[in-house]
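work37.cif follows; it contains mmCIF, C-alpha atoms.
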data_model
loop_
_atom_site.label_atom_id
_atom_site.label_comp_id
_atom_site.auth_asym_id
_atom_site.auth_seq_id
_atom_site.Cartn_x
_atom_site.Cartn_y
_atom_site.Cartn_z
CA MET A 219 3.77 -21.11 9.64
CA THR A 220 7.14 -20.87 7.91
CA MET A 221 8.85 -17.59 7.11
CA SER A 222 8.71 -18.55 3.40
CA GLU A 223 4.93 -17.98 3.61
CA ARG A 224 5.58 -14.38 4.66
CA MET A 225 7.33 -11.49 2.98
CA SER A 226 9.16 -8.65 4.66
CA THR A 227 7.61 -5.19 4.65
CA GLY A 228 11.11 -3.73 4.39
CA ASN A 229 10.88 -2.46 7.97
CA GLU A 230 12.23 -4.79 10.68
CA GLN A 231 10.19 -3.12 13.42
CA LEU A 232 6.96 -3.48 11.46
CA ASP A 233 7.83 -7.09 10.56
CA SER A 234 8.09 -7.89 14.26
CA LEU A 235 4.62 -6.42 14.85
CA LEU A 236 3.28 -8.60 12.03
CA ASP A 237 4.69 -11.94 13.17
CA GLY A 238 7.40 -11.79 10.48
CA GLY A 239 5.77 -9.74 7.73
CA PHE A 240 2.78 -9.88 5.38
CA LEU A 241 1.21 -13.23 4.57
CA ARG A 242 1.91 -14.04 0.91
CA ASN A 243 -0.91 -13.51 -1.61
CA SER A 244 -2.79 -11.27 0.84
CA MET A 245 -4.42 -7.88 0.28
CA ILE A 246 -3.59 -5.26 2.90
CA LEU A 247 -5.68 -2.13 3.23
CA LEU A 248 -3.39 0.67 4.41
CA ALA A 249 -5.57 3.51 5.65
CA GLY A 250 -4.50 6.82 7.09
CA ASN A 251 -4.52 10.60 7.16
CA PRO A 252 -2.73 12.56 4.43
CA GLY A 253 0.95 12.84 5.33
CA ALA A 254 0.91 9.87 7.71
CA GLY A 255 3.62 7.99 5.77
CA LYS A 256 1.53 5.51 3.77
CA THR A 257 3.48 6.07 0.55
CA ILE A 258 6.84 5.70 2.32
CA LEU A 259 5.78 2.39 3.89
CA SER A 260 4.39 1.10 0.58
CA SER A 261 7.43 2.19 -1.44
CA ARG A 262 9.74 0.46 1.02
CA PHE A 263 7.65 -2.70 0.62
CA ILE A 264 8.11 -2.63 -3.16
CA TYR A 265 11.81 -1.74 -2.89
CA GLN A 266 12.48 -4.54 -0.38
CA GLY A 267 10.96 -7.00 -2.82
CA ALA A 268 13.34 -5.88 -5.56
CA LEU A 269 16.29 -6.38 -3.20
CA GLU A 270 15.05 -9.95 -2.60
CA ASP A 271 14.52 -10.69 -6.33
CA GLU A 272 10.77 -10.31 -6.01
CA PRO A 273 9.63 -7.85 -8.70
CA GLY A 274 6.96 -5.31 -7.83
CA VAL A 275 4.54 -2.86 -9.45
CA TYR A 276 3.63 0.51 -7.95
CA ALA A 277 0.41 1.86 -9.52
CA CYS A 278 0.22 5.65 -9.02
CA PHE A 279 -3.23 7.20 -9.16
CA ALA A 280 -2.72 9.96 -6.56
CA GLU A 281 0.52 11.50 -7.86
CA THR A 282 2.78 11.32 -10.89
CA ARG A 283 5.42 8.67 -11.49
CA LYS A 284 8.15 11.33 -11.60
CA ARG A 285 7.07 12.90 -8.29
CA LEU A 286 6.96 9.52 -6.51
CA ILE A 287 10.45 8.55 -7.70
CA GLN A 288 11.87 11.95 -6.66
CA ASP A 289 10.18 12.02 -3.26
CA MET A 290 11.23 8.50 -2.26
CA LYS A 291 14.92 9.22 -2.91
CA LYS A 292 14.83 11.40 0.23
CA PHE A 293 14.22 8.23 2.25
CA GLY A 294 16.92 6.12 0.63
CA ILE A 295 14.49 4.41 -1.76
CA ASP A 296 16.01 4.70 -5.25
CA PHE A 297 13.58 3.17 -7.73
CA GLU A 298 15.46 4.10 -10.91
CA PRO A 299 18.20 1.39 -10.87
CA MET A 300 15.54 -1.22 -10.06
CA ILE A 301 13.35 0.04 -12.91
CA ARG A 302 16.31 -0.33 -15.31
CA ARG A 303 16.85 -3.88 -14.03
CA ARG A 304 13.15 -4.64 -14.64
CA MET A 305 12.64 -5.41 -10.96
CA ILE A 306 10.20 -2.53 -10.40
CA GLU A 307 7.64 -0.81 -12.59
CA VAL A 308 6.00 2.47 -11.58
CA LEU A 309 2.79 3.17 -13.51
CA ASP A 310 1.46 6.69 -14.02
CA LEU A 311 -2.32 6.24 -14.06
CA SER A 312 -5.29 8.57 -13.82
CA ILE A 313 -9.00 7.82 -13.93
CA GLY A 314 -11.65 9.93 -15.61
CA SER A 315 -14.34 7.40 -16.46
CA GLU A 316 -15.41 3.79 -16.00
CA THR A 317 -13.75 2.92 -19.32
CA GLU A 318 -10.45 4.27 -18.02
CA VAL A 319 -10.78 2.12 -14.88
CA GLN A 320 -10.70 -1.02 -17.02
CA SER A 321 -7.80 0.39 -19.02
CA ALA A 322 -5.86 1.07 -15.81
CA LEU A 323 -6.53 -2.43 -14.50
CA ASN A 324 -5.35 -3.86 -17.82
CA GLN A 325 -2.11 -1.84 -17.58
CA ILE A 326 -1.53 -3.10 -14.04
CA PHE A 327 -2.14 -6.70 -15.11
CA GLU A 328 0.18 -6.32 -18.11
CA ALA A 329 2.97 -4.88 -15.93
CA ILE A 330 2.57 -7.67 -13.35
CA THR A 331 2.67 -10.31 -16.09
CA THR A 332 5.70 -8.79 -17.83
CA LEU A 333 7.74 -8.49 -14.63
CA ARG A 334 6.30 -11.68 -13.09
CA ALA A 335 5.67 -9.43 -10.13
CA LYS A 336 5.09 -10.75 -6.62
CA ARG A 337 4.22 -7.41 -5.01
CA LEU A 338 1.74 -4.67 -5.90
CA VAL A 339 0.83 -1.26 -4.47
CA VAL A 340 -2.32 0.63 -5.50
CA ASP A 341 -1.97 4.30 -4.48
CA SER A 342 -4.75 5.03 -3.87
CA VAL A 343 -8.17 3.36 -3.99
CA ALA A 344 -9.91 6.73 -3.54
CA ALA A 345 -7.95 8.31 -6.41
CA MET A 346 -8.62 5.25 -8.55
CA ALA A 347 -12.37 5.62 -7.96
CA MET A 348 -12.39 9.40 -8.40
CA GLY A 349 -13.86 9.30 -11.92
CA LEU A 350 -16.72 7.04 -10.89
CA GLU A 351 -20.03 8.61 -9.99
CA THR A 352 -22.17 5.96 -8.30
CA GLU A 353 -21.65 3.76 -5.26
CA PHE A 354 -22.34 0.73 -7.49
CA GLU A 355 -19.46 1.67 -9.82
CA LYS A 356 -17.11 2.09 -6.89
CA ARG A 357 -18.05 -1.25 -5.39
CA HIS A 358 -17.64 -2.89 -8.79
CA LEU A 359 -14.15 -1.38 -9.05
CA ILE A 360 -13.13 -2.89 -5.71
CA ARG A 361 -14.38 -6.30 -6.83
CA LEU A 362 -12.45 -6.03 -10.11
CA LEU A 363 -9.31 -5.02 -8.22
CA TYR A 364 -9.71 -7.93 -5.81
CA ARG A 365 -10.16 -10.38 -8.70
CA LEU A 366 -7.02 -9.00 -10.32
CA ILE A 367 -5.09 -9.55 -7.10
CA LEU A 368 -6.37 -13.13 -6.79
CA LYS A 369 -5.57 -13.84 -10.43
CA THR A 370 -1.99 -12.59 -10.23
CA GLY A 371 -1.26 -13.87 -6.72
CA CYS A 372 0.47 -10.61 -5.80
CA THR A 373 0.80 -9.58 -2.19
CA THR A 374 -0.87 -6.18 -2.37
CA ILE A 375 -1.02 -2.95 -0.40
CA ALA A 376 -4.11 -0.92 -1.29
CA ILE A 377 -3.82 2.62 0.08
CA THR A 378 -6.85 4.62 1.14
CA ASP A 379 -6.93 8.12 2.61
CA ILE A 380 -8.89 9.00 5.72
CA PRO A 381 -9.91 12.67 6.02
CA TRP A 382 -9.19 14.49 9.28
CA ASN A 383 -11.69 13.71 12.06
CA SER A 384 -13.23 10.84 10.04
CA VAL A 385 -13.81 7.38 11.50
CA LYS A 386 -14.72 5.78 8.17
CA ILE A 387 -11.83 3.85 6.65
CA GLY A 388 -12.87 3.35 3.03
CA GLU A 389 -15.84 2.61 0.80
CA SER A 390 -16.79 -0.10 3.35
CA ILE A 391 -16.41 -3.00 0.92
CA GLU A 392 -12.59 -2.77 0.98
CA GLU A 393 -12.65 -3.56 4.66
CA PHE A 394 -14.46 -6.84 4.04
CA VAL A 395 -12.38 -8.11 1.11
CA ALA A 396 -9.05 -7.11 2.67
CA ASP A 397 -7.02 -9.77 4.48
CA GLY A 398 -5.45 -7.10 6.66
CA ILE A 399 -6.10 -3.51 7.74
CA MET A 400 -3.45 -1.13 9.08
CA LEU A 401 -4.39 2.33 10.29
CA MET A 402 -1.89 5.22 10.31
CA GLN A 403 -3.04 8.42 12.00
CA HIS A 404 -1.49 11.61 13.29
CA ASN A 405 -2.78 14.45 15.39
CA CYS A 406 -1.50 17.44 17.33
CA GLU A 407 -1.32 17.12 21.10
CA GLU A 408 0.07 19.37 23.82
CA ALA A 409 2.20 22.28 22.58
CA SER A 410 1.03 21.45 19.02
CA THR A 411 3.38 18.44 18.88
CA LEU A 412 2.53 16.09 16.01
CA LYS A 413 2.04 12.51 17.18
CA ARG A 414 1.84 9.58 14.76
CA ARG A 415 0.32 6.21 15.65
CA LEU A 416 -0.10 2.83 13.95
CA ARG A 417 -2.81 0.28 14.71
CA ILE A 418 -3.09 -3.14 13.08
CA THR A 419 -6.84 -3.71 13.28
CA LYS A 420 -7.02 -6.91 11.22
CA MET A 421 -4.50 -9.40 9.79
CA ARG A 422 -5.74 -12.85 8.85
CA GLY A 423 -3.55 -15.79 9.83
CA THR A 424 -1.23 -13.53 11.82
CA ASN A 425 -0.45 -13.22 15.51
CA HIS A 426 -0.10 -9.46 15.14
CA SER A 427 0.33 -6.76 17.75
CA ARG A 428 -2.91 -5.55 19.31
CA LYS A 429 -1.33 -2.39 20.70
CA THR A 430 -1.18 1.15 19.35
CA HIS A 431 2.39 1.99 18.33
CA LYS A 432 3.88 5.46 18.06
CA TYR A 433 6.16 6.12 15.10
CA THR A 434 8.24 8.89 13.59
CA ILE A 435 9.35 9.75 10.06
CA SER A 436 13.02 10.47 9.40
CA ALA A 437 15.45 10.34 6.46
CA GLN A 438 15.69 6.60 7.14
CA GLY A 439 11.92 6.19 6.74
CA LEU A 440 9.43 5.06 9.39
CA ASN A 441 10.59 4.26 12.92
CA PHE A 442 8.07 2.32 15.03
CA GLU A 443 8.08 1.96 18.80
CA ILE A 444 7.86 -1.72 19.66
#
Before anything else, please render the file you have as structure tokens.
Amino acid sequence: MTMSERMSTGNEQLDSLLDGGFLRNSMILLAGNPGAGKTILSSRFIYQGALEDEPGVYACFAETRKRLIQDMKKFGIDFEPMIRRRMIEVLDLSIGSETEVQSALNQIFEAITTLRAKRLVVDSVAAMAMGLETEFEKRHLIRLLYRLILKTGCTTIAITDIPWNSVKIGESIEEFVADGIMLMQHNCEEASTLKRRLRITKMRGTNHSRKTHKYTISAQGLNFEI
């Protein structure tokens, strides 16, 4: 497989664990505890694309557009110049009903089409499904999202939160439609020291690491132990 069939995550250490990066046109489910660094990893992925002339869309369901842009500056990810250059679009979306789900998907599709985007982040699947009441509606949403991804050909990170002490990753169906699953968890060990760990549990077409890798979060972003 040639490197042109892969795209960098924006993190050299993570790229090495993924055999060179994400497979193009794939959907990656990024699951983890709150505060594990999922948004930092995903923002770096979108920002790296802009640096490589690959436009990207970041769809915010969990927090506001303004908050995301402000928070990511702390890690050297400055979206604003890239937004002005039409290399990145950050969408401020919220869901209150099934009708609004379709509206949000339409906005994402329109932004992807306008920018001719190659990368997409959905942050998060749980927040996107928050206004839906039944399991059927939630499953239907995942199918619609997957169809959108296939239609646009975007390499996509779909974020999902895992509550503390939970072993369930998502709404179950995401795990089956996803081409890859990465799990980011943190817990307190001896002397209440916070330990963060990454596991790549699935990645189609990739000779990925099968180990559990410790990582830290600094002003430079995520630092993985190889």
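Nearest to Asp271 in chain A of all the residues A:Lys291, A:Lys432, A:Arg224, A:Arg337 is A:Arg337, based on all atoms listed in the file.
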Considering only C-alpha atoms, return as a count of residues only whatever protein or nucleic-acid residues lie within 12 Å of Thr257 in chain A, sequence-local ones (same chain, fewer than 3 positions apart) excluded.
39
Could you name the residues that touch range 234-243 of chain A at 6 Å or less, counting all atoms listed in the file, but leaving out those on the same chain fewer than 6 positions away, as a PyMOL selection string?
chain A and resi 223-227+371-373+425-427
Restricted to C-alpha atoms, what would the selected residues look like written as a PDB file, in the coordinates of the input?
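Now in part.pdb:
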ATOM      1  CA  GLU A 223       4.930 -17.980   3.610  1.00  0.00           C
ATOM      2  CA  ARG A 224       5.580 -14.380   4.660  1.00  0.00           C
ATOM      3  CA  MET A 225       7.330 -11.490   2.980  1.00  0.00           C
ATOM      4  CA  SER A 226       9.160  -8.650   4.660  1.00  0.00           C
ATOM      5  CA  THR A 227       7.610  -5.190   4.650  1.00  0.00           C
ATOM      6  CA  GLY A 371      -1.260 -13.870  -6.720  1.00  0.00           C
ATOM      7  CA  CYS A 372       0.470 -10.610  -5.800  1.00  0.00           C
ATOM      8  CA  THR A 373       0.800  -9.580  -2.190  1.00  0.00           C
ATOM      9  CA  ASN A 425      -0.450 -13.220  15.510  1.00  0.00           C
ATOM     10  CA  HIS A 426      -0.100  -9.460  15.140  1.00  0.00           C
ATOM     11  CA  SER A 427       0.330  -6.760  17.750  1.00  0.00           C
TER      12      SER A 427
END
What separates CA of Leu269 in chain A and CA of Ala329 in chain A is a distance of 18.5 Å
Which residues would end up in the selection if the PyMOL selection byres ((chain A and resi 298) around 12) were applied here, given that I need the answer as a VMD selection string?
chain A and resid 265 268 283 to 284 286 to 288 290 to 291 294 to 297 299 to 308
Would you kindly translate the PyMOL selection byres ((chain A and resi 416) around 10) into the concrete residues it picks from this file, as a ChimeraX atom specification?
/A:232,249-250,254,400-404,414-415,417-419,429-433,442-443
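The space between CA of Gly274 in chain A and CA of Leu363 in chain A spans 16.3 Å.
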Quick one: pull the distance between CA of Ala335 in chain A and CA of Thr370 in chain A, Å, one decimal.
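A separation of 8.3 Å between them.
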Here's the selection I'm unsure about, the PyMOL selection byres ((chain A and resi 398) around 8); applied to the file above, which residues does it give, as a PyMOL selection string?
chain A and resi 244-247+396-397+399-400+418-422
Which residue of A:Glu272, A:Glu353, A:Asp233, A:Asp310 approaches Leu338 in chain A most closely, using all atoms listed in the file:
A:Glu272
Where is the centre and how long are the edges: axis-aligned box on range 352-361 of chain A, 3 Å on each side, Å to one decimal, as AutoDock Vina command-line options:
--center_x -17.7 --center_y -0.2 --center_z -7.5 --size_x 15.2 --size_y 18.3 --size_z 10.6
Rank A:Lys336, A:Lys292, A:Lys413, A:Arg428 by their smallest atom-to-atom distance to Ile367 in chain A, using all atoms listed in the file, and report the top residue only.
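Between A:Lys336, A:Lys292, A:Lys413, A:Arg428, the residue approaching Ile367 in chain A most closely is A:Lys336.
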